[in-house]
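Below is data_28.txt, holding compact mmCIF, C-alpha atoms and all ligand atoms.
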```txt
# COMPACT_ATOMS: atom_id res chain seq x y z
CA MET A 12 5.83 -30.96 10.83
CA THR A 13 7.41 -29.02 7.97
CA GLY A 14 10.80 -30.72 7.46
CA PRO A 15 11.70 -33.61 5.16
CA ARG A 16 10.76 -37.14 6.19
CA ALA A 17 13.46 -39.61 7.18
CA GLY A 18 15.05 -41.19 4.12
CA ASP A 19 13.96 -38.37 1.78
CA GLY A 20 17.49 -37.59 0.61
CA ALA A 21 17.54 -34.61 -1.71
CA VAL A 22 13.87 -34.31 -2.64
CA PRO A 23 13.01 -32.26 -5.71
CA LEU A 24 12.34 -28.65 -4.76
CA ILE A 25 8.86 -28.78 -6.23
CA ASP A 26 7.92 -31.70 -3.95
CA ARG A 27 9.29 -29.97 -0.86
CA VAL A 28 7.30 -26.87 -1.76
CA ALA A 29 4.13 -28.94 -2.27
CA ARG A 30 4.57 -30.38 1.21
CA ALA A 31 5.04 -26.87 2.65
CA ARG A 32 1.89 -25.77 0.79
CA ASP A 33 -0.11 -28.51 2.49
CA CYS A 34 1.27 -27.52 5.92
CA LEU A 35 0.28 -23.89 5.32
CA ALA A 36 -3.20 -24.88 4.19
CA ARG A 37 -3.63 -26.96 7.36
CA ALA A 38 -2.58 -23.88 9.37
CA GLY A 39 -5.51 -21.95 7.87
CA VAL A 40 -3.83 -20.16 4.96
CA ALA A 41 -6.28 -20.06 2.00
CA ALA A 42 -5.47 -22.79 -0.54
CA ASP A 43 -4.56 -20.44 -3.42
CA GLU A 44 -2.37 -18.31 -1.15
CA ALA A 45 -0.69 -21.38 0.38
CA GLN A 46 0.72 -22.44 -3.01
CA ILE A 47 2.01 -18.97 -3.84
CA ASP A 48 3.41 -18.41 -0.35
CA ALA A 49 5.26 -21.75 -0.27
CA GLU A 50 6.87 -20.93 -3.60
CA VAL A 51 7.74 -17.32 -2.70
CA LEU A 52 9.41 -18.49 0.52
CA ALA A 53 11.37 -21.13 -1.42
CA ARG A 54 12.56 -18.50 -3.89
CA HIS A 55 13.50 -16.25 -0.97
CA ALA A 56 15.53 -19.05 0.64
CA LEU A 57 17.21 -19.82 -2.69
CA ARG A 58 17.57 -16.14 -3.67
CA TRP A 59 16.09 -17.00 -7.06
CA ASP A 60 13.78 -14.91 -9.20
CA ARG A 61 10.68 -16.47 -10.73
CA ALA A 62 12.44 -17.27 -14.02
CA ALA A 63 15.13 -19.25 -12.16
CA TRP A 64 12.42 -21.03 -10.16
CA LEU A 65 10.50 -22.06 -13.28
CA ALA A 66 13.67 -23.34 -14.93
CA ARG A 67 15.06 -25.25 -11.94
CA ARG A 68 12.15 -26.19 -9.66
CA ARG A 69 12.49 -29.92 -10.52
CA ASP A 70 16.14 -29.97 -9.39
CA PRO A 71 17.02 -31.69 -6.11
CA ALA A 72 16.98 -29.27 -3.18
CA PRO A 73 20.52 -27.96 -2.60
CA PRO A 74 22.17 -29.10 0.68
CA SER A 75 21.63 -25.84 2.58
CA PHE A 76 18.02 -25.40 1.43
CA GLU A 77 16.16 -27.22 4.18
CA ALA A 78 17.89 -25.31 6.98
CA ARG A 79 16.90 -22.00 5.39
CA TYR A 80 13.43 -22.97 4.18
CA ALA A 81 11.93 -24.78 7.18
CA PRO A 82 12.10 -21.76 9.58
CA LEU A 83 10.46 -19.53 6.96
CA VAL A 84 7.60 -22.00 6.50
CA ALA A 85 7.25 -22.32 10.27
CA ARG A 86 6.81 -18.53 10.57
CA ARG A 87 4.16 -18.53 7.85
CA GLN A 88 2.39 -21.42 9.61
CA LYS A 89 2.04 -19.07 12.58
CA ARG A 90 0.25 -16.72 10.13
CA GLU A 91 3.02 -14.16 9.82
CA PRO A 92 2.48 -12.51 6.40
CA VAL A 93 4.96 -13.46 3.69
CA SER A 94 5.90 -9.82 3.17
CA CYS A 95 6.95 -9.57 6.85
CA ILE A 96 9.14 -12.65 6.41
CA THR A 97 10.76 -11.58 3.13
CA ARG A 98 10.60 -7.84 3.99
CA ARG A 99 9.75 -7.05 0.36
CA ARG A 100 6.54 -6.54 -1.59
CA GLU A 101 6.02 -5.67 -5.22
CA PHE A 102 3.85 -2.67 -6.13
CA TRP A 103 3.27 -1.40 -9.69
CA GLY A 104 6.18 -3.56 -10.86
CA ARG A 105 8.72 -2.31 -8.31
CA ALA A 106 9.96 -3.96 -5.12
CA PHE A 107 9.35 -2.06 -1.87
CA ALA A 108 10.92 -2.69 1.51
CA VAL A 109 8.26 -3.32 4.16
CA GLY A 110 8.37 -4.12 7.87
CA PRO A 111 6.43 -3.85 11.11
CA ALA A 112 6.13 -0.04 10.84
CA VAL A 113 4.16 -0.01 7.58
CA LEU A 114 1.14 -1.53 5.91
CA THR A 115 2.16 -4.01 3.22
CA PRO A 116 1.06 -2.49 -0.12
CA ARG A 117 -2.01 -4.24 -1.52
CA PRO A 118 -2.75 -4.95 -5.19
CA GLU A 119 -6.02 -2.99 -5.00
CA THR A 120 -4.11 0.18 -4.11
CA GLU A 121 -2.57 0.03 -7.58
CA LEU A 122 -6.01 1.21 -8.77
CA ILE A 123 -5.10 4.64 -7.42
CA VAL A 124 -2.03 4.73 -9.66
CA GLU A 125 -4.05 3.40 -12.58
CA ALA A 126 -6.64 6.17 -12.15
CA ALA A 127 -3.95 8.85 -11.75
CA VAL A 128 -2.15 7.78 -14.91
CA GLU A 129 -5.42 7.62 -16.82
CA LEU A 130 -6.71 11.00 -15.60
CA LEU A 131 -3.49 13.00 -15.65
CA GLY A 132 -1.42 11.01 -18.15
CA GLU A 133 -1.56 13.74 -20.79
CA ARG A 134 0.14 16.06 -18.31
CA ARG A 135 2.88 13.55 -17.52
CA GLY A 136 5.59 15.98 -18.58
CA ALA A 137 4.14 18.95 -16.66
CA PRO A 138 5.38 20.27 -13.29
CA LEU A 139 2.38 18.94 -11.34
CA GLY A 140 1.89 19.23 -7.59
CA ILE A 141 1.13 15.84 -6.03
CA ALA A 142 0.54 14.87 -2.39
CA ASP A 143 0.23 11.37 -0.91
CA VAL A 144 -1.46 11.41 2.50
CA GLY A 145 -0.75 8.37 4.70
CA THR A 146 2.26 7.38 2.63
CA GLY A 147 3.25 4.31 4.71
CA SER A 148 5.88 2.41 2.71
CA GLY A 149 5.84 5.27 0.19
CA CYS A 150 4.45 2.97 -2.52
CA LEU A 151 2.12 5.64 -3.94
CA ALA A 152 4.46 8.64 -3.56
CA VAL A 153 7.41 6.79 -5.10
CA THR A 154 5.36 5.30 -7.94
CA LEU A 155 3.76 8.64 -8.79
CA ALA A 156 7.16 10.38 -8.67
CA ARG A 157 8.38 7.83 -11.22
CA GLU A 158 5.25 8.06 -13.39
CA PHE A 159 5.21 11.89 -13.38
CA PRO A 160 8.88 12.77 -13.72
CA ARG A 161 8.49 16.57 -13.42
CA ALA A 162 6.03 16.55 -10.50
CA SER A 163 6.86 17.83 -7.02
CA VAL A 164 5.63 15.18 -4.63
CA THR A 165 4.85 15.63 -0.93
CA ALA A 166 4.54 12.47 1.18
CA ILE A 167 2.69 12.89 4.48
CA ASP A 168 2.33 10.46 7.40
CA ILE A 169 1.73 10.76 11.13
CA SER A 170 4.13 7.87 11.78
CA PRO A 171 7.83 8.80 11.82
CA ALA A 172 8.73 5.09 11.61
CA ALA A 173 6.69 4.75 8.40
CA LEU A 174 8.31 7.86 6.93
CA ALA A 175 11.75 6.33 7.54
CA VAL A 176 10.74 3.25 5.51
CA ALA A 177 9.24 5.42 2.76
CA ARG A 178 12.41 7.50 2.51
CA ARG A 179 14.50 4.35 2.08
CA ASN A 180 12.18 3.14 -0.68
CA ALA A 181 12.31 6.52 -2.42
CA ALA A 182 16.12 6.50 -2.33
CA GLU A 183 16.19 2.95 -3.66
CA HIS A 184 13.99 3.95 -6.60
CA GLY A 185 15.95 7.11 -7.34
CA VAL A 186 13.32 9.69 -6.34
CA GLY A 187 14.41 10.55 -2.79
CA GLU A 188 15.39 14.07 -3.81
CA ARG A 189 12.05 14.76 -5.53
CA ILE A 190 9.83 14.02 -2.55
CA ALA A 191 9.23 16.37 0.41
CA TRP A 192 8.55 14.45 3.64
CA VAL A 193 6.03 15.70 6.18
CA GLU A 194 5.32 14.17 9.59
CA GLY A 195 1.68 14.91 10.46
CA THR A 196 -1.73 15.10 8.82
CA LEU A 197 -2.76 16.92 5.65
CA ALA A 198 -4.18 19.72 7.85
CA ASP A 199 -0.84 19.98 9.70
CA TRP A 200 1.02 20.32 6.41
CA LEU A 201 -1.40 22.91 5.06
CA ALA A 202 -1.20 24.91 8.28
CA GLY A 203 2.60 24.92 8.17
CA SER A 204 3.06 25.78 4.50
CA SER A 205 1.57 28.19 2.01
CA ALA A 206 0.47 27.46 -1.53
CA GLU A 207 3.39 29.60 -2.70
CA ASP A 208 5.85 27.26 -0.91
CA GLY A 209 5.02 24.26 -2.94
CA GLY A 210 2.36 25.40 -5.41
CA GLY A 211 -1.20 24.12 -5.44
CA LEU A 212 -2.10 20.48 -5.80
CA ASP A 213 -3.11 18.86 -9.07
CA LEU A 214 -3.40 15.42 -7.52
CA LEU A 215 -4.03 14.31 -3.96
CA VAL A 216 -3.96 10.57 -3.31
CA ALA A 217 -4.70 8.82 -0.03
CA ASN A 218 -5.01 5.31 1.24
CA LEU A 219 -5.73 6.19 4.85
CA PRO A 220 -6.81 3.76 7.61
CA TYR A 221 -10.43 2.74 7.03
CA VAL A 222 -11.21 -0.20 9.33
CA PRO A 223 -13.91 0.70 11.90
CA THR A 224 -12.37 0.42 15.39
CA GLY A 225 -14.93 -2.20 16.42
CA GLU A 226 -13.90 -4.48 13.55
CA LEU A 227 -10.14 -4.51 14.24
CA GLY A 228 -10.46 -7.61 16.43
CA SER A 229 -12.01 -9.68 13.64
CA LEU A 230 -9.29 -9.01 11.05
CA PRO A 231 -7.27 -12.07 9.91
CA PRO A 232 -4.21 -12.78 12.11
CA GLU A 233 -1.82 -11.70 9.33
CA VAL A 234 -3.27 -8.20 9.56
CA ARG A 235 -4.35 -8.01 13.23
CA LEU A 236 -1.06 -9.25 14.67
CA HIS A 237 1.47 -8.02 12.13
CA GLU A 238 0.35 -4.69 10.66
CA PRO A 239 0.47 -1.41 12.61
CA ARG A 240 -2.80 -0.36 14.18
CA ILE A 241 -2.06 3.25 13.19
CA ALA A 242 -2.37 2.08 9.55
CA LEU A 243 -5.71 0.32 10.10
CA ASP A 244 -7.88 2.11 12.65
CA GLY A 245 -10.24 4.55 10.92
CA GLY A 246 -12.33 5.42 14.00
CA THR A 247 -15.94 4.53 14.78
CA ASP A 248 -17.21 4.24 11.19
CA GLY A 249 -13.76 3.84 9.61
CA LEU A 250 -14.03 7.16 7.83
CA ASP A 251 -12.56 9.67 10.30
CA PRO A 252 -9.25 10.15 8.41
CA LEU A 253 -11.06 10.62 5.07
CA ARG A 254 -13.54 13.03 6.65
CA ASP A 255 -10.64 15.16 7.92
CA LEU A 256 -8.89 14.96 4.56
CA LEU A 257 -11.94 16.15 2.61
CA HIS A 258 -12.41 18.99 5.06
CA ALA A 259 -8.80 20.16 4.72
CA ALA A 260 -8.00 19.52 1.07
CA PRO A 261 -10.04 21.98 -1.04
CA VAL A 262 -8.09 25.13 -0.10
CA ARG A 263 -4.95 23.81 -1.78
CA LEU A 264 -6.47 22.28 -4.92
CA ASN A 265 -5.69 23.75 -8.33
CA PRO A 266 -8.53 24.02 -10.85
CA ASP A 267 -9.01 20.56 -12.45
CA ALA A 268 -7.29 18.86 -9.51
CA ARG A 269 -8.28 15.31 -8.63
CA ILE A 270 -8.43 13.58 -5.26
CA ILE A 271 -8.16 9.78 -5.53
CA VAL A 272 -8.80 7.77 -2.37
CA GLU A 273 -9.22 4.14 -1.37
CA MET A 274 -12.13 2.93 0.77
CA GLY A 275 -13.03 -0.24 2.64
CA THR A 276 -15.55 -2.90 1.68
CA GLY A 277 -19.12 -1.61 2.06
CA GLN A 278 -18.11 2.05 2.51
CA ALA A 279 -19.21 3.39 -0.91
CA ASN A 280 -22.52 4.87 0.25
CA ALA A 281 -20.99 6.42 3.34
CA LEU A 282 -18.26 7.91 1.19
CA ARG A 283 -20.84 9.37 -1.20
CA ASP A 284 -22.53 11.05 1.79
CA LEU A 285 -19.19 12.27 3.09
CA VAL A 286 -18.28 13.93 -0.21
CA ALA A 287 -21.77 15.41 -0.55
CA ALA A 288 -21.46 16.93 2.93
CA ALA A 289 -17.96 18.35 2.32
CA ALA A 290 -17.60 21.88 0.95
CA GLY A 291 -15.82 22.43 -2.35
CA VAL A 292 -15.63 18.87 -3.68
CA GLU A 293 -17.76 16.58 -5.84
CA LEU A 294 -17.65 12.86 -6.50
CA LEU A 295 -16.80 11.96 -10.09
CA ASP A 296 -16.48 8.19 -10.00
CA ILE A 297 -16.25 5.11 -7.82
CA ARG A 298 -14.22 2.25 -9.30
CA ALA A 299 -14.38 -1.41 -8.33
CA ASP A 300 -11.40 -3.68 -7.65
CA LEU A 301 -10.82 -7.08 -9.28
CA GLN A 302 -13.32 -8.66 -6.88
CA GLY A 303 -15.97 -6.17 -7.99
CA ILE A 304 -15.85 -4.32 -4.64
CA PRO A 305 -16.16 -0.50 -4.88
CA ARG A 306 -12.65 0.52 -3.83
CA THR A 307 -11.40 3.76 -5.34
CA ALA A 308 -13.13 7.14 -5.45
CA VAL A 309 -12.24 9.97 -7.82
CA ILE A 310 -13.19 13.38 -6.46
CA ALA A 311 -12.83 16.86 -7.96
CA ALA A 312 -12.92 20.42 -6.70
CA ASP A 313 -16.46 21.51 -7.61
CA ARG A 314 -15.82 25.25 -7.56
CA PRO A 315 -13.00 27.54 -6.54
CA LEU A 316 -13.20 28.34 -2.84
CA GLU A 317 -12.55 31.91 -1.75
CA THR A 318 -9.32 30.80 -0.14
CA ALA A 319 -8.36 28.47 -2.98
CA PHE A 320 -4.97 28.74 -4.56
CA ALA A 321 -5.38 29.44 -8.27
C1 LIG B 401 -3.49 2.12 5.22
S1 LIG B 401 -1.84 2.70 5.45
C2 LIG B 401 -1.44 3.05 3.75
C3 LIG B 401 0.01 3.06 3.41
C4 LIG B 401 0.30 3.24 1.91
N1 LIG B 401 -0.18 4.50 1.43
C5 LIG B 401 -0.33 2.12 1.11
O1 LIG B 401 -1.25 2.39 0.34
O2 LIG B 401 0.12 0.97 1.21
C6 LIG B 401 -2.20 4.27 6.14
C7 LIG B 401 -1.03 5.13 6.57
O3 LIG B 401 -1.59 6.37 7.00
C8 LIG B 401 -0.94 6.83 8.16
N2 LIG B 401 -1.92 7.68 8.86
C9 LIG B 401 -2.91 7.30 9.72
N3 LIG B 401 -3.69 8.34 10.02
C10 LIG B 401 -3.19 9.40 9.33
C11 LIG B 401 -3.57 10.77 9.22
N4 LIG B 401 -4.63 11.25 9.86
N5 LIG B 401 -2.81 11.58 8.43
C12 LIG B 401 -1.73 11.11 7.79
N6 LIG B 401 -1.32 9.82 7.86
C13 LIG B 401 -2.05 8.98 8.60
C14 LIG B 401 -0.50 5.58 8.89
O4 LIG B 401 0.62 5.84 9.70
C15 LIG B 401 -0.20 4.64 7.72
O5 LIG B 401 1.17 4.69 7.37
```
Would you write out, as structure tokens, the structure that this file holds?
Amino acid sequence: MTGPRAGDGAVPLIDRVARARDCLARAGVAADEAQIDAEVLARHALRWDRAAWLARRRDPAPPSFEARYAPLVARRQKREPVSCITRRREFWGRAFAVGPAVLTPRPETELIVEAAVELLGERRGAPLGIADVGTGSGCLAVTLAREFPRASVTAIDISPAALAVARRNAAEHGVGERIAWVEGTLADWLAGSSAEDGGGLDLLVANLPYVPTGELGSLPPEVRLHEPRIALDGGTDGLDPLRDLLHAAPVRLNPDARIIVEMGTGQANALRDLVAAAAGVELLDIRADLQGIPRTAVIAADRPLETAFA
């Protein structure tokens, strides 16, 4: 039961949230997440930012609060992700609309932005060519368009529903006009455009699906039941989309270009082999996430290919 007990009257918000936290923990939500989720849902119901919450969380719950809060907690108890309930998720300090058509941006994907800013930061004011393959919510394309204000950005995804979400996010963050939208794969885009159309690429980023097909069934319910399979399924070893990307990318890379990609837990050695087997690229670095798991690979063009754009 998630509602107030008989005779509660107007309980302090913080107590109601603590009770919701306990309900979520009993439903299998990890203890640290349960506290955050109960608070985020309360703020969503109240339409308060975190500052307002910190200032007023000991106030009695307003009269309409319970009717708005209880259904949200009930949905989370059924292991619906918070981002699906609130339809928003923060990425690199900006709020992104999310929904059933897109993967909810993860904190570890911010490592791609971090690496891009570190590696290309000195060229921030230059007219760089950037592509984001598997754009989903557009979190990477939009963030990079904001971080590199003179770059031309191409956002690519095989899902038209995801592209619609990404376009809305780009418009909301004022970069809709600076991003070209492509439905398909990187290879499709390259086949349908020439280097002269959009210039060569200085930066290619990708967080493509990387869960091995056989492991999809053991994902947590938040992911398995609420995130699109097209955003998760990476084929037999989880690396099919990256394999295709590394095969297609080199012809459009400018000298000194960087490819920055995310990988799944335990995929670092396979990714090393993949890069070693691919023509025209070399692995520069693998970076770990906050849990110490190798997560982000930085790859460079190792030599100009005959067909390379230069
Ligand atoms: C893991 S989600 C990542 C979304 C977003 N970039 C992020 O980091 O949150 C992968 C996205 O890649 C798209 N996708 C899957 N296979 C693809 C492919 N071969 N080429 C382009 N996009 C692909 C999916 O539709 C999905 O939106």
task = Within 8 Å of stretch 145-160 of chain A, counting only C-alpha atoms, which residues show up once you throw out same-chain ones fewer than 2 positions away? Write them as a PyMOL selection string, please.
result = chain A and resi 102-103+107-109+113-116+124+128+135-137+139+142-143+162-170+173-174+176-178+180-181+184+186+189-190+196+216-219+242
request  = Take atom CA of A:Ala198 and atom O3 of ligand LIG 401 (chain B) and report the distance between them in Å, one decimal.
outcome  =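 So the answer is 13.6 Å.
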inquiry  = Just the number, please: distance in Å from atom CA of A:Ala308 to atom O1 of ligand LIG 401 (chain B), one decimal.
reply    =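 Going from atom CA of A:Ala308 over to atom O1 of ligand LIG 401 (chain B) covers 14.0 Å.
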Kindly provide, as AutoDock Vina command-line options, the centre and edge lengths (Å, one decimal) of an axis-aligned box around all atoms of ligand LIG 401 (chain B) given in the file, with 8 Å on each side.
```
--center_x -1.7 --center_y 6.3 --center_z 5.2 --size_x 21.8 --size_y 26.6 --size_z 25.7
```
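From atom CA of A:Asp248 back to atom CA of A:Pro305, the distance works out to 16.8 Å.
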query = Of the candidates A:Val93, A:Leu52, A:Val144, A:Val292, which shows the shortest atom-to-atom distance to ligand LIG 401 (chain B), using only C-alpha atoms and all ligand atoms?
reply = A:Val144
task = Go through A:Gly203, A:Gly211, A:Gly185, A:Pro239 one by one, measure the shortest atom-to-atom distance of each to A:Asp267 using all atoms listed in the file, and give the residue with the smallest value.
result =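 Checking each of A:Gly203, A:Gly211, A:Gly185, A:Pro239 against A:Asp267, counting all atoms listed in the file, the winner is A:Gly211.
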request  = Write out as a PyMOL selection string each polymer residue whose atoms come within 12 Å of A:Val22, counting all atoms listed in the file; drop sequence neighbours fewer than 6 positions from it.
outcome  = chain A and resi 14-16+28-30+68-74+76-77
Write the selection just made, keeping C-alpha atoms, as a PDB file, in the frame of the given file?
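In the end it all went to result06.pdb:
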```pdb
ATOM      1  CA  GLY A  14      10.800 -30.720   7.460  1.00  0.00           C
ATOM      2  CA  PRO A  15      11.700 -33.610   5.160  1.00  0.00           C
ATOM      3  CA  ARG A  16      10.760 -37.140   6.190  1.00  0.00           C
ATOM      4  CA  VAL A  28       7.300 -26.870  -1.760  1.00  0.00           C
ATOM      5  CA  ALA A  29       4.130 -28.940  -2.270  1.00  0.00           C
ATOM      6  CA  ARG A  30       4.570 -30.380   1.210  1.00  0.00           C
ATOM      7  CA  ARG A  68      12.150 -26.190  -9.660  1.00  0.00           C
ATOM      8  CA  ARG A  69      12.490 -29.920 -10.520  1.00  0.00           C
ATOM      9  CA  ASP A  70      16.140 -29.970  -9.390  1.00  0.00           C
ATOM     10  CA  PRO A  71      17.020 -31.690  -6.110  1.00  0.00           C
ATOM     11  CA  ALA A  72      16.980 -29.270  -3.180  1.00  0.00           C
ATOM     12  CA  PRO A  73      20.520 -27.960  -2.600  1.00  0.00           C
ATOM     13  CA  PRO A  74      22.170 -29.100   0.680  1.00  0.00           C
ATOM     14  CA  PHE A  76      18.020 -25.400   1.430  1.00  0.00           C
ATOM     15  CA  GLU A  77      16.160 -27.220   4.180  1.00  0.00           C
TER      16      GLU A  77
END
```
ask   = If we count all atoms listed in the file, what is near stretch 270-281 of chain A at a cut-off of 7 Å, once residues fewer than 2 positions away on the same chain are taken out, given as a ChimeraX atom specification?
value = /A:123,214-218,221-222,268,283-285,304-311
query = Which is closest to ligand LIG 401 (chain B) among A:Ile25, A:Leu201, A:Leu35, A:Ala63, if we use only C-alpha atoms and all ligand atoms?
reply =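 Between A:Ile25, A:Leu201, A:Leu35, A:Ala63, the residue approaching ligand LIG 401 (chain B) most closely is A:Leu201.
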Exercise: A:Ala260 partners within 8 Å, all atoms listed in the file, chain neighbours under 3 positions left out, as a list in words = Leu197, Ala198, Leu256, Leu257, Arg263 and Leu264 of chain A
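Nearest-residue note for A:Pro220: choosing from A:Leu253, A:Ala290, A:Ala31, A:Ala85, the minimum distance belongs to A:Leu253, counting only C-alpha atoms.
Among the candidate residues A:Ala112, A:Leu236, A:Ala182, A:Leu301, the one lying nearest to ligand LIG 401 (chain B) is A:Ala112, with distances computed using only C-alpha atoms and all ligand atoms.
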request  = Determine the nearest neighbour of ligand LIG 401 (chain B) from the options A:Gly110, A:Pro266, A:Gly132, A:Gly140, counting all atoms listed in the file.
outcome  =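 Among the listed residues, the smallest separation from ligand LIG 401 (chain B) belongs to A:Gly110.
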